[in-house]
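S.K.: run_14.cif (mmCIF, C-alpha atoms) pasted underneath:
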data_entry
loop_
_atom_site.label_atom_id
_atom_site.label_comp_id
_atom_site.auth_asym_id
_atom_site.auth_seq_id
_atom_site.Cartn_x
_atom_site.Cartn_y
_atom_site.Cartn_z
CA MET O 1 11.13 1.54 21.47
CA GLY O 2 14.91 1.42 21.29
CA ARG O 3 15.11 -0.72 18.15
CA ARG O 4 14.96 -0.33 14.40
CA LEU O 5 11.34 -0.53 13.29
CA ARG O 6 9.84 -1.53 9.96
CA VAL O 7 7.49 1.35 9.09
CA LEU O 8 4.89 1.74 6.36
CA ASP O 9 3.74 5.30 5.60
CA VAL O 10 0.57 5.34 3.50
CA ALA O 11 0.26 8.48 1.34
CA LEU O 12 3.71 10.03 1.63
CA GLY O 13 2.70 13.57 0.74
CA ASP O 14 5.87 15.65 0.95
CA GLY O 15 7.62 12.77 2.75
CA ALA O 16 8.74 14.88 5.72
CA GLN O 17 7.33 12.48 8.31
CA ALA O 18 8.79 9.41 6.59
CA LEU O 19 12.21 11.04 6.23
CA ARG O 20 12.32 11.90 9.93
CA LEU O 21 11.80 8.22 10.72
CA ALA O 22 14.46 7.11 8.25
CA ARG O 23 16.91 9.64 9.69
CA GLY O 24 16.11 8.16 13.10
CA GLY O 25 17.41 4.78 11.94
CA HIS O 26 14.15 3.04 11.03
CA GLN O 27 13.45 1.06 7.86
CA VAL O 28 10.72 2.99 6.05
CA THR O 29 8.49 2.10 3.10
CA GLY O 30 6.24 4.76 1.60
CA LEU O 31 3.17 4.35 -0.59
CA GLU O 32 2.10 7.28 -2.76
CA SER O 33 -0.53 7.20 -5.52
CA ASP O 34 0.24 10.65 -6.96
CA PRO O 35 3.00 10.31 -9.62
CA GLY O 36 4.01 13.96 -9.26
CA ARG O 37 4.48 13.71 -5.51
CA LEU O 38 6.32 10.42 -5.89
CA ALA O 39 8.75 11.97 -8.40
CA ALA O 40 9.28 15.05 -6.22
CA PHE O 41 10.00 12.88 -3.23
CA ALA O 42 12.45 10.74 -5.21
CA SER O 43 14.35 13.90 -6.12
CA ALA O 44 14.39 15.07 -2.50
CA LEU O 45 15.61 11.66 -1.37
CA GLU O 46 18.64 11.95 -3.65
CA ALA O 47 19.90 14.79 -1.45
CA GLU O 48 19.95 12.54 1.62
CA PRO O 49 23.06 10.61 2.75
CA GLU O 50 23.49 7.13 1.35
CA GLY O 51 22.67 5.46 4.67
CA ILE O 52 19.26 7.15 4.81
CA ARG O 53 18.53 6.35 1.16
CA ALA O 54 19.33 2.71 1.88
CA ARG O 55 16.73 2.64 4.66
CA PHE O 56 13.96 4.06 2.51
CA ARG O 57 11.94 2.86 -0.45
CA ALA O 58 8.97 4.53 -2.09
CA LEU O 59 6.35 2.60 -4.07
CA ALA O 60 3.50 3.69 -6.30
CA GLY O 61 0.20 2.72 -4.69
CA SER O 62 -2.42 3.49 -2.08
CA GLY O 63 -3.63 2.01 1.16
CA GLN O 64 -5.78 -0.41 -0.79
CA ASP O 65 -2.72 -1.92 -2.51
CA THR O 66 -0.98 -3.42 0.51
CA GLY O 67 -1.96 -6.97 -0.46
CA ALA O 68 -0.22 -6.60 -3.81
CA HIS O 69 3.04 -5.40 -2.28
CA PHE O 70 3.50 -6.95 1.16
CA LEU O 71 3.19 -10.23 3.02
CA PRO O 72 1.26 -10.47 6.30
CA GLY O 73 3.20 -9.24 9.32
CA THR O 74 5.69 -7.18 7.27
CA PHE O 75 5.65 -4.03 9.43
CA ASP O 76 5.98 -2.99 13.07
CA VAL O 77 4.28 0.38 12.49
CA VAL O 78 1.74 1.51 9.90
CA LEU O 79 0.97 5.23 9.52
CA CYS O 80 -2.35 6.14 7.91
CA HIS O 81 -2.72 9.89 8.38
CA GLY O 82 -5.41 11.79 6.50
CA VAL O 83 -6.14 8.84 4.20
CA LEU O 84 -9.33 7.10 5.33
CA ASP O 85 -11.65 10.03 4.63
CA ARG O 86 -10.48 9.97 0.97
CA ALA O 87 -10.47 6.19 0.54
CA LYS O 88 -13.11 4.68 -1.76
CA ASP O 89 -13.41 1.65 0.51
CA PRO O 90 -12.14 2.61 3.99
CA ASP O 91 -13.06 -0.67 5.68
CA SER O 92 -11.09 -2.82 3.22
CA THR O 93 -8.23 -0.31 3.37
CA LEU O 94 -8.08 -0.65 7.16
CA ALA O 95 -8.31 -4.44 6.98
CA GLY O 96 -5.41 -4.47 4.52
CA LEU O 97 -3.30 -2.28 6.79
CA ALA O 98 -4.05 -4.52 9.77
CA ARG O 99 -3.01 -7.56 7.74
CA VAL O 100 0.53 -6.27 7.12
CA LEU O 101 1.11 -5.45 10.81
CA ASP O 102 3.22 -7.88 12.80
CA THR O 103 2.03 -9.11 16.21
CA GLY O 104 2.29 -6.23 18.67
CA GLY O 105 2.54 -3.76 15.78
CA LEU O 106 1.14 -0.23 15.99
CA LEU O 107 -1.48 1.24 13.65
CA SER O 108 -1.54 5.04 13.72
CA LEU O 109 -4.66 6.70 12.26
CA VAL O 110 -5.45 10.38 11.82
CA ILE O 111 -9.01 11.17 10.73
CA PRO O 112 -11.16 14.30 10.57
CA ASN O 113 -13.46 14.61 13.56
CA THR O 114 -16.75 14.46 11.67
CA ALA O 115 -18.73 14.75 14.92
CA ALA O 116 -17.40 18.27 15.56
CA ARG O 117 -17.48 19.92 12.14
CA ALA O 118 -19.46 22.91 13.40
CA MET O 119 -16.87 23.90 16.03
CA ARG O 120 -14.31 25.73 13.88
CA PRO O 121 -16.75 27.80 11.80
CA GLY O 122 -18.76 28.54 14.96
CA LEU O 123 -15.71 29.80 16.83
CA ALA O 124 -14.80 31.90 13.80
CA GLY O 125 -18.26 33.46 13.70
CA ASP O 126 -19.19 31.85 10.38
CA TRP O 127 -22.74 31.07 11.44
CA ARG O 128 -23.94 29.93 8.05
CA ALA O 129 -21.23 27.26 7.83
CA ALA O 130 -21.70 26.27 11.47
CA ARG O 131 -25.46 25.81 11.02
CA ALA O 132 -24.94 23.84 7.82
CA ALA O 133 -22.58 21.49 9.65
CA LEU O 134 -25.03 21.08 12.53
CA VAL O 135 -28.07 20.19 10.42
CA ALA O 136 -26.33 18.17 7.68
CA GLN O 137 -27.23 14.50 7.48
CA PRO O 138 -24.10 12.37 7.97
CA GLU O 139 -22.82 10.60 4.88
CA GLU O 140 -22.12 6.89 4.96
CA SER O 141 -18.37 7.55 5.05
CA ASP O 142 -18.90 9.89 8.01
CA ARG O 143 -20.63 7.12 9.93
CA PHE O 144 -17.67 4.82 9.39
CA LEU O 145 -15.20 7.49 10.48
CA ARG O 146 -16.92 8.15 13.80
CA LEU O 147 -14.84 7.27 16.84
CA GLU O 148 -17.29 4.65 18.07
CA ALA O 149 -17.59 2.94 14.68
CA LEU O 150 -13.83 2.83 14.15
CA THR O 151 -13.24 1.54 17.66
CA SER O 152 -15.62 -1.34 16.98
CA PHE O 153 -14.16 -2.06 13.55
CA LEU O 154 -10.56 -2.05 14.78
CA ALA O 155 -11.48 -4.62 17.42
CA ARG O 156 -13.10 -6.84 14.76
CA ILE O 157 -9.99 -6.85 12.55
CA GLY O 158 -7.64 -7.66 15.43
CA VAL O 159 -6.14 -4.22 16.03
CA PRO O 160 -8.06 -2.95 19.08
CA MET O 161 -7.70 0.73 19.87
CA GLU O 162 -5.32 1.44 22.72
CA CYS O 163 -5.68 5.22 23.00
CA TRP O 164 -6.79 8.32 21.10
CA TYR O 165 -6.11 12.06 21.14
CA GLY O 166 -7.57 15.25 19.76
CA VAL O 167 -5.43 17.14 17.27
CA GLY O 168 -5.37 20.95 17.33
CA VAL O 169 -7.87 21.48 20.15
CA PHE O 170 -7.01 25.17 20.45
CA ALA O 171 -4.78 25.54 17.39
CA ALA O 172 -6.11 27.44 14.39
CA ASP O 173 -5.64 24.48 12.05
CA GLY O 174 -6.21 20.92 13.22
CA SER O 175 -5.37 19.27 9.91
CA HIS O 176 -1.63 18.89 10.59
CA GLY O 177 -0.21 15.69 9.14
CA GLY O 178 1.70 14.89 12.31
CA ALA O 179 -0.70 14.29 15.13
CA GLY O 180 -1.22 13.44 18.77
CA PRO O 181 0.31 15.42 21.63
CA ALA O 182 3.39 16.45 19.63
CA ALA O 183 1.33 18.13 16.92
CA GLY O 184 0.30 21.01 19.14
CA ARG O 185 3.93 21.91 19.75
CA GLU O 186 4.67 22.21 16.03
CA GLN O 187 1.48 24.14 15.30
CA ALA O 188 1.89 26.56 18.18
CA ALA O 189 5.47 27.39 17.26
CA ASP O 190 4.51 29.06 13.97
CA GLY O 191 4.76 32.85 14.21
CA ALA O 192 4.98 32.99 18.00
CA ASP O 193 7.86 33.74 20.32
CA GLU O 194 9.43 30.77 22.05
CA ALA O 195 7.86 31.35 25.48
CA ALA O 196 4.36 31.72 24.07
CA ALA O 197 4.87 28.66 21.86
CA GLU O 198 5.96 26.57 24.82
CA ALA O 199 2.97 27.72 26.86
CA ALA O 200 0.57 26.96 24.00
CA ALA O 201 2.16 23.56 23.43
CA ALA O 202 1.81 22.68 27.12
CA VAL O 203 -1.90 23.50 27.01
CA GLU O 204 -2.38 21.50 23.81
CA GLU O 205 -0.55 18.54 25.36
CA LEU O 206 -3.05 18.51 28.23
CA ALA O 207 -6.20 19.26 26.24
CA CYS O 208 -5.60 16.68 23.53
CA ARG O 209 -5.78 13.92 26.18
CA MET O 210 -8.74 15.23 28.19
CA ASP O 211 -12.50 15.07 27.83
CA PRO O 212 -14.47 17.01 26.71
CA TYR O 213 -11.75 18.95 24.89
CA ARG O 214 -10.29 16.19 22.76
CA GLY O 215 -13.79 15.31 21.54
CA VAL O 216 -14.24 18.70 19.82
CA ALA O 217 -10.82 18.82 18.12
CA PRO O 218 -10.92 19.09 14.30
CA SER O 219 -8.97 15.84 13.92
CA LEU O 220 -8.49 12.67 15.95
CA HIS O 221 -5.37 10.54 16.32
CA MET O 222 -6.08 6.90 17.13
CA PHE O 223 -3.65 4.11 17.98
CA GLY O 224 -4.44 0.42 17.58
CA VAL O 225 -2.20 -2.52 18.50
CA ARG O 226 -2.15 -5.80 16.63
CA GLY O 227 -3.17 -8.59 18.99
#
Transcribe the structure of this file into structure tokens.
M.R.:
Amino acid sequence: MGRRLRVLDVALGDGAQALRLARGGHQVTGLESDPGRLAAFASALEAEPEGIRARFRALAGSGQDTGAHFLPGTFDVVLCHGVLDRAKDPDSTLAGLARVLDTGGLLSLVIPNTAARAMRPGLAGDWRAARAALVAQPEESDRFLRLEALTSFLARIGVPMECWYGVGVFAADGSHGGAGPAAGREQAADGADEAAAEAAAAVEELACRMDPYRGVAPSLHMFGVRG
């Protein structure tokens, strides 16, 4: 975008994604509910140059705590990767994240693809697990996390979905914290020579945008824009 962005990263984890953004010149705020992870990240942050430390702050909390910490319109980008499927109240969490987005702001969501849970065990020949996934009744949280349900909900809270991708269509593990087209490049590079990694990444880049392939990926990456 060519400008310094105000970014909220919900559930920091190891903080690698947030640190990349801070190193890129953006103002980053991280929320992390796990005290151990928060302490480990604080220690890692001490090793960063002063300029990066000045652009980053980490707070104790979860995606449901945005109202207690931030005013409406505080951020240009909100990252919510691998959070909604663990949230006790995903709809109020999403509404809170939408509230802190400024006009034109980007909401980035990564969720498990609950509609394709049988694909990975089936491809691996684990027929018992594949059958169990096929015949299981969807839980209430699964219904909310479906692409169609989330698309509808995002529109209702003023952050209509602009685009979505599959994550790890052909990769062995689709749960990578970074997502979208770039994720395939990072996943494919592990343990492969450079030429093979580039070829795999190119295929992932195409497949993650195309039907029907993106629809059977283990995870989905959705982008909504605040209207």
S.K.: Restricting the calculation to all atoms listed in the file: of O:Leu8, O:Ala196, O:Ala118, O:Ala87, which residue gets closest to O:Gly105?
M.R.: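 Smallest distance to O:Gly105 is found for O:Leu8.
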S.K.: List the spatial neighbours of O:Met161 as number ranges by chain - criterion: any atom at most 8 Å away, only C-alpha atoms, same-chain residues fewer than 2 positions off excluded.
M.R.: O: 151, 154-155, 159, 163-164, 222-225
S.K.: Just the selected residues (C-alpha atoms), exported as a CSV table (one decimal), in the frame of the given file, please.
M.R.:
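Now in result.csv:
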chain,number,residue,atom,x,y,z
O,151,THR,CA,-13.2,1.5,17.7
O,154,LEU,CA,-10.6,-2.0,14.8
O,155,ALA,CA,-11.5,-4.6,17.4
O,159,VAL,CA,-6.1,-4.2,16.0
O,163,CYS,CA,-5.7,5.2,23.0
O,164,TRP,CA,-6.8,8.3,21.1
O,222,MET,CA,-6.1,6.9,17.1
O,223,PHE,CA,-3.6,4.1,18.0
O,224,GLY,CA,-4.4,0.4,17.6
O,225,VAL,CA,-2.2,-2.5,18.5
S.K.: Could you expand the PyMOL selection byres ((chain O and resi 44-52) around 9) into the explicit residues it covers here, written as JSON, numbers by chain?
M.R.: {"O": [15, 19, 22, 23, 24, 25, 27, 39, 40, 41, 42, 43, 53, 54, 55, 56]}
S.K.: For this structure, which residues satisfy the selection - the PyMOL selection byres ((chain O and resi 130) around 8) - when it is evaluated on the file as given? I want them as a PyMOL selection string.
M.R.: chain O and resi 117-122+126-129+131-134
S.K.: Taking the file as shown, what set of residues would the PyMOL selection byres ((chain O and resi 58-67) around 6) give back, as a list in words?
M.R.: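 What the PyMOL selection byres ((chain O and resi 58-67) around 6) grabs from the file is Val10, Thr29, Gly30, Leu31, Glu32, Ser33, Arg57, Ala68, His69, Phe70 and Thr93 of chain O.
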S.K.: Tell me, as number ranges by chain, which residues lie within 10 Å of O:Asp91, counting only C-alpha atoms; anything in the same chain fewer than 6 positions away does not count.
M.R.: O: 64, 84, 97, 141, 144-145, 150, 153-154, 157
S.K.: Which value, in Å to one decimal, gives the distance between atom CA of O:Glu204 and atom CA of O:Asn113?
M.R.: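 We find that atom CA of O:Glu204 and atom CA of O:Asn113 lie 16.6 Å from each other.
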S.K.: Would you pick out the contacts of O:His81 at 12 Å or less, using all atoms listed in the file, so that residues sharing its chain but fewer than 3 positions from it are not included, and give the list as a PyMOL selection string?
M.R.: chain O and resi 8-13+17-18+63+78+84-87+94+107-112+167+175-180+219-223
S.K.: Considering all atoms listed in the file, can you say which of O:Val7, O:Leu123, O:Ala115, O:Ala171 comes closest to O:Arg143?
M.R.: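 Closest to O:Arg143 of all the choices is O:Ala115.
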